[in-house]
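Some notes on the structure that comes next.
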Amino acid sequence: MWDIRLLGQKIRDLRAYGYLIALDDVGSGAASLRKIVEYEPDIVKLDRYFGNQLALSPNKQKLVSLFVDFCRGQSHLVLEGLEEPDDLATAKTLGVPLGQGFLLGRPRALCEAVYLGGV
């Protein structure tokens with residue numbers, strides 16, 4: 001799917017109809033950094049790997065902070081995998097605006113997402 005030359009045009013067409021574009025599981029598999037640059041998604045969802053044990057990993061914290069800065073004013077950033085209170089607290093400290101994980105509740109619509117207090 002990612003190799004289709006017309007994908008960029010299809011994304012523009014969907015936007016013209018009012019659709020939002022999201023990249024899920026960023027940081028693993030096909031949702032690469034290149035895709036973020038090329039397709040300029042409205043929503044960037046970081047893979048749950050980055051939220052899991054975030055409080056214990058300075059390297060994960062640096063990378064999440066980088067995404068917070070990159071997405072500010074451009075895309076909605078969602079950090080998946082928030083399962084522990086310490087990881088949620090760390091995400092808030094880093095400025096992560098939206099979180100997802102069983103600690104926050106069952107999956108729900110974006111309009112019902114839990115705001116973490118970031119910019």
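Chain identifiers are assigned as A, B, and so on, following the order in which chains appear in the structure tokens; residues are numbered from 1 within each chain, and ligands are numbered from 1 in order of appearance.
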>> Give me, as a list in words, all polymer residues having an atom no more than 12 Å from A:Ile11, counting only C-alpha atoms and skipping those fewer than 2 positions away in the same chain.
In response: Trp2, Ile4, Arg5, Leu6, Leu7, Gly8, Gln9, Asp13, Leu14, Arg15, Ala16, Tyr17, Gly18, Tyr19, Leu20, Ile21, Ala22, Leu23, Lys35, Glu38, Tyr39, Glu40, Pro41 and Asp42 of chain A
> stretch 22-111 of chain A: which residues are strand (DSSP E) by DSSP, as an MDAnalysis selection string?
Replying inline: chainID A and resid 22:26 43:46 76:79 98:99
Mind writing the picked residues with all heavy atoms as a tab-separated table (two decimals), in the first residue's frame?
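Output file again.tsv is given in full below:
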```tsv
chain	number	residue	atom	x	y	z
A	22	ALA	N	-4.58	9.91	9.73
A	22	ALA	CA	-3.83	9.47	10.91
A	22	ALA	C	-2.80	8.43	10.50
A	22	ALA	O	-3.05	7.62	9.61
A	22	ALA	CB	-4.77	8.88	11.96
A	23	LEU	N	-1.65	8.47	11.17
A	23	LEU	CA	-0.66	7.40	11.05
A	23	LEU	C	-0.61	6.72	12.40
A	23	LEU	O	-0.33	7.35	13.42
A	23	LEU	CB	0.71	7.95	10.69
A	23	LEU	CG	0.95	8.30	9.24
A	23	LEU	CD1	2.39	8.78	9.04
A	23	LEU	CD2	0.68	7.12	8.33
A	24	ASP	N	-0.87	5.43	12.41
A	24	ASP	CA	-0.92	4.64	13.63
A	24	ASP	C	0.38	3.86	13.79
A	24	ASP	O	1.07	3.56	12.81
A	24	ASP	CB	-2.10	3.67	13.55
A	24	ASP	CG	-2.47	3.06	14.89
A	24	ASP	OD1	-2.05	3.60	15.93
A	24	ASP	OD2	-3.19	2.05	14.89
A	25	ASP	N	0.73	3.56	15.02
A	25	ASP	CA	1.91	2.75	15.35
A	25	ASP	C	3.20	3.35	14.81
A	25	ASP	O	4.09	2.64	14.35
A	25	ASP	CB	1.74	1.31	14.87
A	25	ASP	CG	0.57	0.61	15.54
A	25	ASP	OD1	0.26	0.95	16.69
A	25	ASP	OD2	-0.03	-0.28	14.91
A	26	VAL	N	3.30	4.68	14.85
A	26	VAL	CA	4.51	5.35	14.39
A	26	VAL	C	5.68	4.91	15.26
A	26	VAL	O	5.57	4.86	16.48
A	26	VAL	CB	4.35	6.89	14.43
A	26	VAL	CG1	5.67	7.59	14.21
A	26	VAL	CG2	3.32	7.32	13.39
A	43	ILE	N	-3.06	13.34	12.62
A	43	ILE	CA	-2.90	12.63	13.90
A	43	ILE	C	-1.71	11.68	13.77
A	43	ILE	O	-1.63	10.89	12.84
A	43	ILE	CB	-4.17	11.82	14.25
A	43	ILE	CG1	-5.38	12.76	14.32
A	43	ILE	CG2	-3.98	11.05	15.55
A	43	ILE	CD1	-6.71	12.04	14.27
A	44	VAL	N	-0.79	11.77	14.72
A	44	VAL	CA	0.36	10.88	14.80
A	44	VAL	C	0.22	10.08	16.09
A	44	VAL	O	0.22	10.65	17.18
A	44	VAL	CB	1.69	11.66	14.81
A	44	VAL	CG1	2.87	10.73	15.06
A	44	VAL	CG2	1.87	12.43	13.51
A	45	LYS	N	0.06	8.77	15.94
A	45	LYS	CA	-0.06	7.90	17.11
A	45	LYS	C	1.24	7.12	17.28
A	45	LYS	O	1.57	6.26	16.45
A	45	LYS	CB	-1.24	6.94	16.93
A	45	LYS	CG	-2.59	7.65	16.95
A	45	LYS	CD	-3.73	6.67	16.83
A	45	LYS	CE	-3.83	5.83	18.08
A	45	LYS	NZ	-4.91	4.84	18.02
A	46	LEU	N	1.95	7.44	18.35
A	46	LEU	CA	3.20	6.73	18.63
A	46	LEU	C	2.89	5.33	19.11
A	46	LEU	O	2.00	5.12	19.95
A	46	LEU	CB	4.01	7.46	19.71
A	46	LEU	CG	4.73	8.72	19.29
A	46	LEU	CD1	5.48	9.32	20.48
A	46	LEU	CD2	5.68	8.46	18.15
A	76	HIS	N	-1.90	16.29	15.77
A	76	HIS	CA	-2.25	15.85	17.12
A	76	HIS	C	-1.38	14.63	17.43
A	76	HIS	O	-1.37	13.67	16.66
A	76	HIS	CB	-3.72	15.44	17.20
A	76	HIS	CG	-4.67	16.57	16.97
A	76	HIS	ND1	-4.92	17.55	17.91
A	76	HIS	CD2	-5.41	16.89	15.89
A	76	HIS	CE1	-5.78	18.40	17.43
A	76	HIS	NE2	-6.10	18.03	16.19
A	77	LEU	N	-0.68	14.68	18.53
A	77	LEU	CA	0.16	13.56	18.94
A	77	LEU	C	-0.57	12.74	19.99
A	77	LEU	O	-1.08	13.28	20.97
A	77	LEU	CB	1.49	14.07	19.51
A	77	LEU	CG	2.45	12.99	20.02
A	77	LEU	CD1	2.94	12.11	18.87
A	77	LEU	CD2	3.62	13.62	20.74
A	78	VAL	N	-0.61	11.42	19.78
A	78	VAL	CA	-1.22	10.50	20.72
A	78	VAL	C	-0.14	9.50	21.12
A	78	VAL	O	0.48	8.87	20.26
A	78	VAL	CB	-2.42	9.74	20.10
A	78	VAL	CG1	-3.02	8.77	21.11
A	78	VAL	CG2	-3.46	10.72	19.58
A	79	LEU	N	0.07	9.33	22.42
A	79	LEU	CA	1.01	8.33	22.92
A	79	LEU	C	0.21	7.13	23.39
A	79	LEU	O	-0.58	7.22	24.32
A	79	LEU	CB	1.86	8.90	24.05
A	79	LEU	CG	2.87	7.93	24.68
A	79	LEU	CD1	3.86	7.39	23.64
A	79	LEU	CD2	3.61	8.61	25.83
A	98	LEU	N	-2.11	14.02	24.13
A	98	LEU	CA	-3.14	12.99	24.14
A	98	LEU	C	-2.53	11.64	24.45
A	98	LEU	O	-1.45	11.32	23.96
A	98	LEU	CB	-3.86	12.92	22.79
A	98	LEU	CG	-4.65	14.17	22.38
A	98	LEU	CD1	-5.02	14.09	20.90
A	98	LEU	CD2	-5.89	14.32	23.22
A	99	GLY	N	-3.25	10.85	25.26
A	99	GLY	CA	-2.76	9.53	25.61
A	99	GLY	C	-3.80	8.47	25.38
A	99	GLY	O	-5.00	8.75	25.32
```
> Hey, can you check how far atom CA of A:Leu66 sits from atom CA of A:Gly81?
Replying inline: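 Taking atom CA of A:Leu66 and atom CA of A:Gly81, their separation equals 17.7 Å.
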> Can you tell me how far atom CA of A:Leu110 sits from atom CA of A:Ser75, in Å to one decimal?
Replying inline: 13.3 Å
> Can you tell me how far atom CA of A:Asn52 sits from atom CA of A:Ser65, in Å to one decimal?
Replying inline: 14.9 Å
>> DSSP on the backbone, helix (DSSP H, G or I) only: what residues of chain A does that give? Format it as a ChimeraX atom specification.
In response: /A:7-16,33-39,48-51,54-56,58-71,85-94,110-112
> Which residue gives the smallest distance to A:Leu82 among A:Gly105, A:Pro97, A:Pro58, A:Gly51, with only C-alpha atoms counted?
Replying inline: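 Smallest separation from A:Leu82 among the options: A:Gly51.
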>> Show me, as number ranges by chain, the residues that have an atom within 10 Å of A:Phe102 when counting only C-alpha atoms, minus same-chain residues fewer than 4 positions from it.
In response: A: 80-84, 106-107
